[in-house]
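Novice: So I've got this file, start-v1.pdb, and it contains PDB, N, CA and C atoms:
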```pdb
ATOM      1  N   MET T 539      20.163   6.413  48.778
ATOM      2  CA  MET T 539      18.832   6.022  49.199
ATOM      3  C   MET T 539      18.486   4.668  48.578
ATOM      4  N   ALA T 540      17.911   3.794  49.367
ATOM      5  CA  ALA T 540      17.560   2.451  48.916
ATOM      6  C   ALA T 540      16.363   2.500  47.966
ATOM      7  N   LYS T 541      16.434   1.660  46.949
ATOM      8  CA  LYS T 541      15.316   1.547  46.009
ATOM      9  C   LYS T 541      14.287   0.570  46.554
ATOM     10  N   GLN T 542      13.065   0.726  46.085
ATOM     11  CA  GLN T 542      12.002  -0.202  46.454
ATOM     12  C   GLN T 542      12.275  -1.542  45.771
ATOM     13  N   VAL T 543      12.006  -2.622  46.486
ATOM     14  CA  VAL T 543      12.197  -3.967  45.957
ATOM     15  C   VAL T 543      10.837  -4.578  45.648
ATOM     16  N   ILE T 544      10.714  -5.097  44.435
ATOM     17  CA  ILE T 544       9.483  -5.765  44.013
ATOM     18  C   ILE T 544       9.822  -7.213  43.684
ATOM     19  N   TRP T 545       9.135  -8.129  44.350
ATOM     20  CA  TRP T 545       9.342  -9.558  44.137
ATOM     21  C   TRP T 545       8.392 -10.053  43.054
ATOM     22  N   SER T 546       8.928 -10.738  42.060
ATOM     23  CA  SER T 546       8.061 -11.381  41.071
ATOM     24  C   SER T 546       7.383 -12.573  41.744
ATOM     25  N   LEU T 547       6.292 -13.019  41.150
ATOM     26  CA  LEU T 547       5.606 -14.198  41.675
ATOM     27  C   LEU T 547       6.539 -15.401  41.656
ATOM     28  N   ARG T 548       7.321 -15.524  40.593
ATOM     29  CA  ARG T 548       8.267 -16.634  40.488
ATOM     30  C   ARG T 548       9.278 -16.597  41.642
ATOM     31  N   ALA T 549       9.827 -15.427  41.934
ATOM     32  CA  ALA T 549      10.815 -15.303  43.013
ATOM     33  C   ALA T 549      10.192 -15.636  44.363
ATOM     34  N   GLN T 550       8.966 -15.183  44.586
ATOM     35  CA  GLN T 550       8.275 -15.513  45.837
ATOM     36  C   GLN T 550       8.099 -17.020  45.970
ATOM     37  N   ASN T 551       7.658 -17.654  44.884
ATOM     38  CA  ASN T 551       7.460 -19.106  44.907
ATOM     39  C   ASN T 551       8.779 -19.849  45.066
ATOM     40  N   ASP T 552       9.846 -19.349  44.433
ATOM     41  CA  ASP T 552      11.167 -19.955  44.583
ATOM     42  C   ASP T 552      11.599 -19.946  46.047
ATOM     43  N   ARG T 553      11.451 -18.794  46.678
ATOM     44  CA  ARG T 553      11.880 -18.669  48.080
ATOM     45  C   ARG T 553      11.077 -19.611  48.979
ATOM     46  N   ILE T 554       9.770 -19.646  48.790
ATOM     47  CA  ILE T 554       8.926 -20.544  49.590
ATOM     48  C   ILE T 554       9.332 -21.995  49.388
ATOM     49  N   ALA T 555       9.544 -22.387  48.133
ATOM     50  CA  ALA T 555       9.918 -23.781  47.837
ATOM     51  C   ALA T 555      11.255 -24.145  48.467
ATOM     52  N   ILE T 556      12.212 -23.237  48.418
ATOM     53  CA  ILE T 556      13.529 -23.489  49.015
ATOM     54  C   ILE T 556      13.404 -23.662  50.526
ATOM     55  N   LEU T 557      12.690 -22.754  51.157
ATOM     56  CA  LEU T 557      12.556 -22.822  52.614
ATOM     57  C   LEU T 557      11.771 -24.053  53.046
ATOM     58  N   GLU T 558      10.708 -24.392  52.318
ATOM     59  CA  GLU T 558       9.935 -25.599  52.638
ATOM     60  C   GLU T 558      10.763 -26.856  52.442
ATOM     61  N   TYR T 559      11.591 -26.882  51.400
ATOM     62  CA  TYR T 559      12.470 -28.039  51.173
ATOM     63  C   TYR T 559      13.360 -28.286  52.395
ATOM     64  N   TRP T 560      13.974 -27.228  52.907
ATOM     65  CA  TRP T 560      14.889 -27.391  54.036
ATOM     66  C   TRP T 560      14.151 -27.750  55.326
ATOM     67  N   ILE T 561      12.938 -27.258  55.481
ATOM     68  CA  ILE T 561      12.152 -27.651  56.661
ATOM     69  C   ILE T 561      11.858 -29.145  56.617
ATOM     70  N   LYS T 562      11.429 -29.634  55.452
ATOM     71  CA  LYS T 562      11.130 -31.067  55.306
ATOM     72  C   LYS T 562      12.387 -31.916  55.442
ATOM     73  N   ARG T 563      13.462 -31.474  54.817
ATOM     74  CA  ARG T 563      14.703 -32.264  54.827
ATOM     75  C   ARG T 563      15.284 -32.361  56.233
ATOM     76  N   ASN T 564      15.292 -31.247  56.944
ATOM     77  CA  ASN T 564      15.920 -31.214  58.267
ATOM     78  C   ASN T 564      14.949 -31.495  59.412
ATOM     79  N   LYS T 565      13.666 -31.568  59.098
ATOM     80  CA  LYS T 565      12.624 -31.769  60.107
ATOM     81  C   LYS T 565      12.701 -30.701  61.206
ATOM     82  N   SER T 566      13.090 -29.512  60.751
ATOM     83  CA  SER T 566      13.221 -28.363  61.638
ATOM     84  C   SER T 566      13.190 -27.106  60.775
ATOM     85  N   ASN T 567      12.779 -25.995  61.363
ATOM     86  CA  ASN T 567      12.770 -24.757  60.593
ATOM     87  C   ASN T 567      13.958 -23.844  60.910
ATOM     88  N   GLU T 568      14.898 -24.309  61.716
ATOM     89  CA  GLU T 568      16.028 -23.467  62.114
ATOM     90  C   GLU T 568      16.887 -23.046  60.924
ATOM     91  N   TYR T 569      17.266 -23.990  60.069
ATOM     92  CA  TYR T 569      18.095 -23.638  58.918
ATOM     93  C   TYR T 569      17.333 -22.719  57.969
ATOM     94  N   SER T 570      16.048 -22.992  57.769
ATOM     95  CA  SER T 570      15.235 -22.149  56.887
ATOM     96  C   SER T 570      15.172 -20.719  57.403
ATOM     97  N   LYS T 571      15.053 -20.557  58.699
ATOM     98  CA  LYS T 571      15.048 -19.209  59.286
ATOM     99  C   LYS T 571      16.367 -18.494  58.995
ATOM    100  N   LYS T 572      17.481 -19.207  59.189
ATOM    101  CA  LYS T 572      18.797 -18.607  58.941
ATOM    102  C   LYS T 572      18.962 -18.252  57.468
ATOM    103  N   LEU T 573      18.551 -19.163  56.588
ATOM    104  CA  LEU T 573      18.667 -18.920  55.158
ATOM    105  C   LEU T 573      17.783 -17.744  54.733
ATOM    106  N   ASN T 574      16.572 -17.691  55.260
ATOM    107  CA  ASN T 574      15.673 -16.573  54.936
ATOM    108  C   ASN T 574      16.263 -15.243  55.402
ATOM    109  N   ASN T 575      16.896 -15.243  56.555
ATOM    110  CA  ASN T 575      17.563 -14.024  57.033
ATOM    111  C   ASN T 575      18.700 -13.611  56.103
ATOM    112  N   LEU T 576      19.435 -14.593  55.587
ATOM    113  CA  LEU T 576      20.496 -14.283  54.626
ATOM    114  C   LEU T 576      19.917 -13.683  53.347
ATOM    115  N   PHE T 577      18.797 -14.236  52.887
ATOM    116  CA  PHE T 577      18.118 -13.667  51.717
ATOM    117  C   PHE T 577      17.704 -12.224  51.989
ATOM    118  N   LYS T 578      17.105 -11.982  53.151
ATOM    119  CA  LYS T 578      16.661 -10.624  53.506
ATOM    120  C   LYS T 578      17.832  -9.641  53.558
ATOM    121  N   GLU T 579      18.945 -10.072  54.157
ATOM    122  CA  GLU T 579      20.132  -9.213  54.234
ATOM    123  C   GLU T 579      20.667  -8.894  52.842
ATOM    124  N   ALA T 580      20.688  -9.900  51.974
ATOM    125  CA  ALA T 580      21.181  -9.696  50.606
ATOM    126  C   ALA T 580      20.271  -8.740  49.841
ATOM    127  N   ILE T 581      18.958  -8.884  50.007
ATOM    128  CA  ILE T 581      18.007  -8.009  49.324
ATOM    129  C   ILE T 581      18.160  -6.568  49.817
ATOM    130  N   LYS T 582      18.364  -6.411  51.106
ATOM    131  CA  LYS T 582      18.581  -5.071  51.661
ATOM    132  C   LYS T 582      19.846  -4.452  51.060
ATOM    133  N   LEU T 583      20.891  -5.241  50.956
ATOM    134  CA  LEU T 583      22.143  -4.770  50.368
ATOM    135  C   LEU T 583      21.952  -4.404  48.896
ATOM    136  N   ILE T 584      21.206  -5.224  48.166
ATOM    137  CA  ILE T 584      20.905  -4.942  46.756
ATOM    138  C   ILE T 584      20.114  -3.636  46.635
ATOM    139  N   ALA T 585      19.141  -3.442  47.511
ATOM    140  CA  ALA T 585      18.320  -2.222  47.470
ATOM    141  C   ALA T 585      19.169  -0.973  47.706
ATOM    142  N   GLU T 586      20.155  -1.087  48.582
ATOM    143  CA  GLU T 586      21.012   0.050  48.908
ATOM    144  C   GLU T 586      22.127   0.262  47.879
ATOM    145  N   HIS T 587      22.602  -0.843  47.288
ATOM    146  CA  HIS T 587      23.714  -0.801  46.335
ATOM    147  C   HIS T 587      23.383  -1.715  45.146
ATOM    148  N   PRO T 588      22.513  -1.285  44.247
ATOM    149  CA  PRO T 588      22.016  -2.148  43.171
ATOM    150  C   PRO T 588      23.094  -2.736  42.264
ATOM    151  N   GLU T 589      24.188  -2.042  42.106
ATOM    152  CA  GLU T 589      25.248  -2.510  41.203
ATOM    153  C   GLU T 589      26.123  -3.596  41.828
ATOM    154  N   ILE T 590      25.814  -4.013  43.050
ATOM    155  CA  ILE T 590      26.656  -4.977  43.755
ATOM    156  C   ILE T 590      26.678  -6.353  43.089
ATOM    157  N   GLY T 591      25.604  -6.719  42.432
ATOM    158  CA  GLY T 591      25.517  -8.036  41.810
ATOM    159  C   GLY T 591      26.333  -8.123  40.534
ATOM    160  N   LYS T 592      26.694  -9.345  40.190
ATOM    161  CA  LYS T 592      27.462  -9.591  38.971
ATOM    162  C   LYS T 592      26.532  -9.512  37.761
ATOM    163  N   PRO T 593      26.902  -8.743  36.725
ATOM    164  CA  PRO T 593      26.050  -8.673  35.533
ATOM    165  C   PRO T 593      26.038 -10.014  34.794
ATOM    166  N   THR T 594      24.937 -10.297  34.122
ATOM    167  CA  THR T 594      24.847 -11.504  33.303
ATOM    168  C   THR T 594      25.168 -11.150  31.853
ATOM    169  N   ASP T 595      25.495 -12.156  31.067
ATOM    170  CA  ASP T 595      25.873 -11.941  29.671
ATOM    171  C   ASP T 595      24.689 -11.712  28.743
ATOM    172  N   LYS T 596      23.596 -12.410  28.987
ATOM    173  CA  LYS T 596      22.526 -12.470  27.998
ATOM    174  C   LYS T 596      21.308 -11.627  28.308
ATOM    175  N   TYR T 597      21.265 -10.995  29.432
ATOM    176  CA  TYR T 597      20.030 -10.331  29.826
ATOM    177  C   TYR T 597      20.366  -9.170  30.732
ATOM    178  N   ASP T 598      19.494  -8.207  30.806
ATOM    179  CA  ASP T 598      19.711  -7.047  31.662
ATOM    180  C   ASP T 598      19.396  -7.420  33.107
ATOM    181  N   ALA T 599      20.151  -8.353  33.622
ATOM    182  CA  ALA T 599      19.926  -8.844  34.981
ATOM    183  C   ALA T 599      21.262  -8.959  35.695
ATOM    184  N   ARG T 600      21.187  -9.007  37.004
ATOM    185  CA  ARG T 600      22.377  -9.175  37.838
ATOM    186  C   ARG T 600      22.143 -10.339  38.787
ATOM    187  N   ILE T 601      23.238 -10.837  39.333
ATOM    188  CA  ILE T 601      23.167 -11.991  40.222
ATOM    189  C   ILE T 601      23.918 -11.682  41.514
ATOM    190  N   LYS T 602      23.261 -11.937  42.633
ATOM    191  CA  LYS T 602      23.886 -11.834  43.960
ATOM    192  C   LYS T 602      23.903 -13.237  44.544
ATOM    193  N   ILE T 603      25.060 -13.711  44.948
ATOM    194  CA  ILE T 603      25.201 -15.066  45.476
ATOM    195  C   ILE T 603      24.948 -15.067  46.980
ATOM    196  N   VAL T 604      24.107 -16.011  47.410
ATOM    197  CA  VAL T 604      23.833 -16.243  48.827
ATOM    198  C   VAL T 604      23.953 -17.749  49.051
ATOM    199  N   ARG T 605      25.048 -18.161  49.634
ATOM    200  CA  ARG T 605      25.361 -19.585  49.815
ATOM    201  C   ARG T 605      25.311 -20.300  48.478
ATOM    202  N   ASP T 606      24.426 -21.292  48.319
ATOM    203  CA  ASP T 606      24.313 -22.043  47.070
ATOM    204  C   ASP T 606      23.241 -21.468  46.144
ATOM    205  N   TYR T 607      22.761 -20.282  46.438
ATOM    206  CA  TYR T 607      21.646 -19.709  45.693
ATOM    207  C   TYR T 607      22.063 -18.422  44.989
ATOM    208  N   LEU T 608      21.418 -18.187  43.856
ATOM    209  CA  LEU T 608      21.640 -16.965  43.092
ATOM    210  C   LEU T 608      20.359 -16.143  43.134
ATOM    211  N   ILE T 609      20.450 -14.943  43.642
ATOM    212  CA  ILE T 609      19.317 -14.029  43.584
ATOM    213  C   ILE T 609      19.472 -13.272  42.275
ATOM    214  N   ILE T 610      18.522 -13.486  41.376
ATOM    215  CA  ILE T 610      18.571 -12.874  40.057
ATOM    216  C   ILE T 610      17.619 -11.683  40.062
ATOM    217  N   TYR T 611      18.153 -10.510  39.714
ATOM    218  CA  TYR T 611      17.348  -9.290  39.784
ATOM    219  C   TYR T 611      17.703  -8.351  38.654
ATOM    220  N   GLU T 612      16.826  -7.410  38.398
ATOM    221  CA  GLU T 612      17.105  -6.372  37.426
ATOM    222  C   GLU T 612      16.883  -5.010  38.072
ATOM    223  N   ILE T 613      17.662  -4.065  37.626
ATOM    224  CA  ILE T 613      17.595  -2.702  38.150
ATOM    225  C   ILE T 613      16.728  -1.869  37.210
ATOM    226  N   LYS T 614      15.712  -1.268  37.768
ATOM    227  CA  LYS T 614      14.863  -0.346  37.027
ATOM    228  C   LYS T 614      15.088   1.057  37.584
ATOM    229  N   LYS T 615      14.560   2.044  36.903
ATOM    230  CA  LYS T 615      14.757   3.429  37.324
ATOM    231  C   LYS T 615      14.256   3.674  38.742
ATOM    232  N   GLU T 616      13.077   3.161  39.052
ATOM    233  CA  GLU T 616      12.446   3.424  40.336
ATOM    234  C   GLU T 616      12.587   2.295  41.362
ATOM    235  N   ASN T 617      12.943   1.083  40.897
ATOM    236  CA  ASN T 617      12.935  -0.045  41.829
ATOM    237  C   ASN T 617      13.879  -1.153  41.388
ATOM    238  N   ILE T 618      13.909  -2.176  42.196
ATOM    239  CA  ILE T 618      14.656  -3.406  41.919
ATOM    240  C   ILE T 618      13.626  -4.516  41.769
ATOM    241  N   ASN T 619      13.696  -5.265  40.683
ATOM    242  CA  ASN T 619      12.796  -6.400  40.479
ATOM    243  C   ASN T 619      13.551  -7.688  40.753
ATOM    244  N   ILE T 620      13.095  -8.428  41.754
ATOM    245  CA  ILE T 620      13.678  -9.739  42.042
ATOM    246  C   ILE T 620      12.989 -10.731  41.108
ATOM    247  N   LEU T 621      13.762 -11.352  40.221
ATOM    248  CA  LEU T 621      13.202 -12.235  39.208
ATOM    249  C   LEU T 621      13.100 -13.680  39.685
ATOM    250  N   SER T 622      14.128 -14.138  40.409
ATOM    251  CA  SER T 622      14.147 -15.533  40.835
ATOM    252  C   SER T 622      15.214 -15.735  41.899
ATOM    253  N   ILE T 623      15.051 -16.816  42.641
ATOM    254  CA  ILE T 623      16.127 -17.312  43.500
ATOM    255  C   ILE T 623      16.439 -18.701  42.962
ATOM    256  N   TRP T 624      17.638 -18.872  42.478
ATOM    257  CA  TRP T 624      18.035 -20.067  41.741
ATOM    258  C   TRP T 624      19.016 -20.894  42.564
ATOM    259  N   ASP T 625      18.734 -22.175  42.692
ATOM    260  CA  ASP T 625      19.660 -23.099  43.351
ATOM    261  C   ASP T 625      20.774 -23.413  42.360
ATOM    262  N   SER T 626      21.974 -22.990  42.648
ATOM    263  CA  SER T 626      23.090 -23.130  41.709
ATOM    264  C   SER T 626      23.548 -24.578  41.531
ATOM    265  N   ARG T 627      23.000 -25.492  42.309
ATOM    266  CA  ARG T 627      23.362 -26.903  42.170
ATOM    267  C   ARG T 627      22.525 -27.610  41.110
ATOM    268  N   GLN T 628      21.606 -26.881  40.482
ATOM    269  CA  GLN T 628      20.785 -27.447  39.415
ATOM    270  C   GLN T 628      21.581 -27.495  38.107
ATOM    271  N   ASN T 629      20.996 -28.156  37.130
ATOM    272  CA  ASN T 629      21.578 -28.199  35.796
ATOM    273  C   ASN T 629      21.678 -26.758  35.270
ATOM    274  N   PRO T 630      22.869 -26.290  34.922
ATOM    275  CA  PRO T 630      23.026 -24.900  34.478
ATOM    276  C   PRO T 630      22.279 -24.582  33.188
ATOM    277  N   GLU T 631      21.933 -25.582  32.413
ATOM    278  CA  GLU T 631      21.177 -25.345  31.184
ATOM    279  C   GLU T 631      19.792 -24.779  31.492
ATOM    280  N   LYS T 632      19.238 -25.107  32.654
ATOM    281  CA  LYS T 632      17.903 -24.634  33.016
ATOM    282  C   LYS T 632      17.854 -23.126  33.213
ATOM    283  N   ILE T 633      18.952 -22.546  33.642
ATOM    284  CA  ILE T 633      18.952 -21.101  33.909
ATOM    285  C   ILE T 633      18.852 -20.298  32.616
ATOM    286  N   LYS T 634      19.273 -20.869  31.497
ATOM    287  CA  LYS T 634      19.167 -20.160  30.215
ATOM    288  C   LYS T 634      17.714 -19.834  29.908
ATOM    289  N   PHE T 635      16.811 -20.753  30.240
ATOM    290  CA  PHE T 635      15.397 -20.514  30.023
ATOM    291  C   PHE T 635      14.923 -19.334  30.867
ATOM    292  N   LEU T 636      15.385 -19.265  32.085
ATOM    293  CA  LEU T 636      14.984 -18.200  32.994
ATOM    294  C   LEU T 636      15.478 -16.834  32.515
ATOM    295  N   LEU T 637      16.665 -16.776  31.946
ATOM    296  CA  LEU T 637      17.266 -15.503  31.564
ATOM    297  C   LEU T 637      16.899 -15.060  30.152
ATOM    298  N   ARG T 638      16.044 -15.796  29.481
ATOM    299  CA  ARG T 638      15.586 -15.363  28.153
ATOM    300  C   ARG T 638      14.548 -14.270  28.308
ATOM    301  N   LYS T 639      14.551 -13.344  27.396
ATOM    302  CA  LYS T 639      13.538 -12.288  27.406
ATOM    303  C   LYS T 639      12.243 -12.805  26.894
TER     304      LYS T 639
END
```
In structure tokens, write the structure found in this file.
Specialist:
Amino acid sequence: MAKQVIWSLRAQNDRIAILEYWIKRNKSNEYSKKLNNLFKEAIKLIAEHPEIGKPTDKYDARIKIVRDYLIIYEIKKENINILSIWDSRQNPEKIKFLLRK
């Protein structure tokens, strides 16, 4: 049975910023629609199979890769918390701040 998915405010804002970036860059929303669908499919898969993501070293979080993005989430008893959607092309030092407790 799939767990309930709860999006953090940060993850919601990350997704919006990513999709808006691609709309502005491409002057079209077609790629953003496709990318958003990939995010939705990945979240559905995570909800059904929470252990699918790669565990992280420093925090009780997992990572699911979607193209150039990392969906960072944690598994709770009753639900899945989506913490962030991270563009993996950024400076990797920045992600350490995100994964700190």
Novice: Please extract the residues of stretch 561-619 of chain T with a backbone DSSP assignment of alpha helix (DSSP H) and present them as an mmCIF file with N, CA and C atoms, keeping the file's coordinate frame.
Specialist:
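The new file selection.cif reads:
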```
data_model
loop_
_atom_site.group_PDB
_atom_site.id
_atom_site.type_symbol
_atom_site.label_atom_id
_atom_site.label_comp_id
_atom_site.auth_asym_id
_atom_site.auth_seq_id
_atom_site.Cartn_x
_atom_site.Cartn_y
_atom_site.Cartn_z
ATOM 1 N N ILE T 561 12.938 -27.258 55.481
ATOM 2 C CA ILE T 561 12.152 -27.651 56.661
ATOM 3 C C ILE T 561 11.858 -29.145 56.617
ATOM 4 N N LYS T 562 11.429 -29.634 55.452
ATOM 5 C CA LYS T 562 11.130 -31.067 55.306
ATOM 6 C C LYS T 562 12.387 -31.916 55.442
ATOM 7 N N ARG T 563 13.462 -31.474 54.817
ATOM 8 C CA ARG T 563 14.703 -32.264 54.827
ATOM 9 C C ARG T 563 15.284 -32.361 56.233
ATOM 10 N N ASN T 564 15.292 -31.247 56.944
ATOM 11 C CA ASN T 564 15.920 -31.214 58.267
ATOM 12 C C ASN T 564 14.949 -31.495 59.412
ATOM 13 N N GLU T 568 14.898 -24.309 61.716
ATOM 14 C CA GLU T 568 16.028 -23.467 62.114
ATOM 15 C C GLU T 568 16.887 -23.046 60.924
ATOM 16 N N TYR T 569 17.266 -23.990 60.069
ATOM 17 C CA TYR T 569 18.095 -23.638 58.918
ATOM 18 C C TYR T 569 17.333 -22.719 57.969
ATOM 19 N N SER T 570 16.048 -22.992 57.769
ATOM 20 C CA SER T 570 15.235 -22.149 56.887
ATOM 21 C C SER T 570 15.172 -20.719 57.403
ATOM 22 N N LYS T 571 15.053 -20.557 58.699
ATOM 23 C CA LYS T 571 15.048 -19.209 59.286
ATOM 24 C C LYS T 571 16.367 -18.494 58.995
ATOM 25 N N LYS T 572 17.481 -19.207 59.189
ATOM 26 C CA LYS T 572 18.797 -18.607 58.941
ATOM 27 C C LYS T 572 18.962 -18.252 57.468
ATOM 28 N N LEU T 573 18.551 -19.163 56.588
ATOM 29 C CA LEU T 573 18.667 -18.920 55.158
ATOM 30 C C LEU T 573 17.783 -17.744 54.733
ATOM 31 N N ASN T 574 16.572 -17.691 55.260
ATOM 32 C CA ASN T 574 15.673 -16.573 54.936
ATOM 33 C C ASN T 574 16.263 -15.243 55.402
ATOM 34 N N ASN T 575 16.896 -15.243 56.555
ATOM 35 C CA ASN T 575 17.563 -14.024 57.033
ATOM 36 C C ASN T 575 18.700 -13.611 56.103
ATOM 37 N N LEU T 576 19.435 -14.593 55.587
ATOM 38 C CA LEU T 576 20.496 -14.283 54.626
ATOM 39 C C LEU T 576 19.917 -13.683 53.347
ATOM 40 N N PHE T 577 18.797 -14.236 52.887
ATOM 41 C CA PHE T 577 18.118 -13.667 51.717
ATOM 42 C C PHE T 577 17.704 -12.224 51.989
ATOM 43 N N LYS T 578 17.105 -11.982 53.151
ATOM 44 C CA LYS T 578 16.661 -10.624 53.506
ATOM 45 C C LYS T 578 17.832 -9.641 53.558
ATOM 46 N N GLU T 579 18.945 -10.072 54.157
ATOM 47 C CA GLU T 579 20.132 -9.213 54.234
ATOM 48 C C GLU T 579 20.667 -8.894 52.842
ATOM 49 N N ALA T 580 20.688 -9.900 51.974
ATOM 50 C CA ALA T 580 21.181 -9.696 50.606
ATOM 51 C C ALA T 580 20.271 -8.740 49.841
ATOM 52 N N ILE T 581 18.958 -8.884 50.007
ATOM 53 C CA ILE T 581 18.007 -8.009 49.324
ATOM 54 C C ILE T 581 18.160 -6.568 49.817
ATOM 55 N N LYS T 582 18.364 -6.411 51.106
ATOM 56 C CA LYS T 582 18.581 -5.071 51.661
ATOM 57 C C LYS T 582 19.846 -4.452 51.060
ATOM 58 N N LEU T 583 20.891 -5.241 50.956
ATOM 59 C CA LEU T 583 22.143 -4.770 50.368
ATOM 60 C C LEU T 583 21.952 -4.404 48.896
ATOM 61 N N ILE T 584 21.206 -5.224 48.166
ATOM 62 C CA ILE T 584 20.905 -4.942 46.756
ATOM 63 C C ILE T 584 20.114 -3.636 46.635
ATOM 64 N N ALA T 585 19.141 -3.442 47.511
ATOM 65 C CA ALA T 585 18.320 -2.222 47.470
ATOM 66 C C ALA T 585 19.169 -0.973 47.706
ATOM 67 N N GLU T 586 20.155 -1.087 48.582
ATOM 68 C CA GLU T 586 21.012 0.050 48.908
ATOM 69 C C GLU T 586 22.127 0.262 47.879
#
```
Novice: Can you tell me how far atom C of T:Ile609 sits from atom C of T:Asp625, in Å to one decimal?
Specialist: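 It comes out at 10.2 Å.
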Novice: At a cut-off of 8 Å from (21.7, -24.3, 45.8) in the coordinates of the file, what residues are picked up using all atoms listed in the file, written as a list in words?
Specialist: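 Applying the cut-off with all atoms listed in the file, one gets Val604, Arg605, Asp606, Tyr607, Leu608, Trp624, Asp625, Ser626, Arg627 and Gln628 of chain T.
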Novice: May I have the selected residues written with N, CA and C atoms, as a PDB file, in the coordinates of the input?
Specialist:
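That gives us again.pdb:
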```
ATOM      1  N   VAL T 604      24.107 -16.011  47.410  1.00  0.00           N
ATOM      2  CA  VAL T 604      23.833 -16.243  48.827  1.00  0.00           C
ATOM      3  C   VAL T 604      23.953 -17.749  49.051  1.00  0.00           C
ATOM      4  N   ARG T 605      25.048 -18.161  49.634  1.00  0.00           N
ATOM      5  CA  ARG T 605      25.361 -19.585  49.815  1.00  0.00           C
ATOM      6  C   ARG T 605      25.311 -20.300  48.478  1.00  0.00           C
ATOM      7  N   ASP T 606      24.426 -21.292  48.319  1.00  0.00           N
ATOM      8  CA  ASP T 606      24.313 -22.043  47.070  1.00  0.00           C
ATOM      9  C   ASP T 606      23.241 -21.468  46.144  1.00  0.00           C
ATOM     10  N   TYR T 607      22.761 -20.282  46.438  1.00  0.00           N
ATOM     11  CA  TYR T 607      21.646 -19.709  45.693  1.00  0.00           C
ATOM     12  C   TYR T 607      22.063 -18.422  44.989  1.00  0.00           C
ATOM     13  N   LEU T 608      21.418 -18.187  43.856  1.00  0.00           N
ATOM     14  CA  LEU T 608      21.640 -16.965  43.092  1.00  0.00           C
ATOM     15  C   LEU T 608      20.359 -16.143  43.134  1.00  0.00           C
ATOM     16  N   TRP T 624      17.638 -18.872  42.478  1.00  0.00           N
ATOM     17  CA  TRP T 624      18.035 -20.067  41.741  1.00  0.00           C
ATOM     18  C   TRP T 624      19.016 -20.894  42.564  1.00  0.00           C
ATOM     19  N   ASP T 625      18.734 -22.175  42.692  1.00  0.00           N
ATOM     20  CA  ASP T 625      19.660 -23.099  43.351  1.00  0.00           C
ATOM     21  C   ASP T 625      20.774 -23.413  42.360  1.00  0.00           C
ATOM     22  N   SER T 626      21.974 -22.990  42.648  1.00  0.00           N
ATOM     23  CA  SER T 626      23.090 -23.130  41.709  1.00  0.00           C
ATOM     24  C   SER T 626      23.548 -24.578  41.531  1.00  0.00           C
ATOM     25  N   ARG T 627      23.000 -25.492  42.309  1.00  0.00           N
ATOM     26  CA  ARG T 627      23.362 -26.903  42.170  1.00  0.00           C
ATOM     27  C   ARG T 627      22.525 -27.610  41.110  1.00  0.00           C
ATOM     28  N   GLN T 628      21.606 -26.881  40.482  1.00  0.00           N
ATOM     29  CA  GLN T 628      20.785 -27.447  39.415  1.00  0.00           C
ATOM     30  C   GLN T 628      21.581 -27.495  38.107  1.00  0.00           C
TER      31      GLN T 628
END
```
Novice: Please run DSSP on the backbone and report, as a count of residues only, all residues within chain T that come out as strand (DSSP E).
Specialist: 27
Novice: I need the residue nearest T:Arg548 from this list: T:Ser622, T:Asn629, T:Asn574, T:Thr594. Use all atoms listed in the file for the distance.
Specialist: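 Using all atoms listed in the file, T:Arg548 sits closest to T:Ser622.
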Novice: In Å, how far is it from atom CA of T:Lys592 to atom CA of T:Lys578?
Specialist: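 Computed distance, atom CA of T:Lys592 to atom CA of T:Lys578, equals 18.1 Å.
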Novice: Check the smallest atom-to-atom distance from each of T:Ile613, T:Gln542, T:Arg600, T:Ser570 to T:Ala555 using only C-alpha atoms, then report the winner.
Specialist: T:Ser570
Novice: Applied to this file, what does the PyMOL selection byres ((chain T and resi 621) around 6.5) return in terms of residues, put as a list in words?
Specialist: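 The output of the PyMOL selection byres ((chain T and resi 621) around 6.5) on this file is Trp545, Ser546, Arg548, Ala549, Ile609, Ile610, Tyr611, Glu612, Asn619, Ile620, Ser622 and Ile623 of chain T.
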Novice: Can I get the selection written as an mmCIF file, in the frame of the given file, with N, CA and C atoms?
Specialist:
```
data_model
loop_
_atom_site.group_PDB
_atom_site.id
_atom_site.type_symbol
_atom_site.label_atom_id
_atom_site.label_comp_id
_atom_site.auth_asym_id
_atom_site.auth_seq_id
_atom_site.Cartn_x
_atom_site.Cartn_y
_atom_site.Cartn_z
ATOM 1 N N TRP T 545 9.135 -8.129 44.350
ATOM 2 C CA TRP T 545 9.342 -9.558 44.137
ATOM 3 C C TRP T 545 8.392 -10.053 43.054
ATOM 4 N N SER T 546 8.928 -10.738 42.060
ATOM 5 C CA SER T 546 8.061 -11.381 41.071
ATOM 6 C C SER T 546 7.383 -12.573 41.744
ATOM 7 N N ARG T 548 7.321 -15.524 40.593
ATOM 8 C CA ARG T 548 8.267 -16.634 40.488
ATOM 9 C C ARG T 548 9.278 -16.597 41.642
ATOM 10 N N ALA T 549 9.827 -15.427 41.934
ATOM 11 C CA ALA T 549 10.815 -15.303 43.013
ATOM 12 C C ALA T 549 10.192 -15.636 44.363
ATOM 13 N N ILE T 609 20.450 -14.943 43.642
ATOM 14 C CA ILE T 609 19.317 -14.029 43.584
ATOM 15 C C ILE T 609 19.472 -13.272 42.275
ATOM 16 N N ILE T 610 18.522 -13.486 41.376
ATOM 17 C CA ILE T 610 18.571 -12.874 40.057
ATOM 18 C C ILE T 610 17.619 -11.683 40.062
ATOM 19 N N TYR T 611 18.153 -10.510 39.714
ATOM 20 C CA TYR T 611 17.348 -9.290 39.784
ATOM 21 C C TYR T 611 17.703 -8.351 38.654
ATOM 22 N N GLU T 612 16.826 -7.410 38.398
ATOM 23 C CA GLU T 612 17.105 -6.372 37.426
ATOM 24 C C GLU T 612 16.883 -5.010 38.072
ATOM 25 N N ASN T 619 13.696 -5.265 40.683
ATOM 26 C CA ASN T 619 12.796 -6.400 40.479
ATOM 27 C C ASN T 619 13.551 -7.688 40.753
ATOM 28 N N ILE T 620 13.095 -8.428 41.754
ATOM 29 C CA ILE T 620 13.678 -9.739 42.042
ATOM 30 C C ILE T 620 12.989 -10.731 41.108
ATOM 31 N N SER T 622 14.128 -14.138 40.409
ATOM 32 C CA SER T 622 14.147 -15.533 40.835
ATOM 33 C C SER T 622 15.214 -15.735 41.899
ATOM 34 N N ILE T 623 15.051 -16.816 42.641
ATOM 35 C CA ILE T 623 16.127 -17.312 43.500
ATOM 36 C C ILE T 623 16.439 -18.701 42.962
#
```
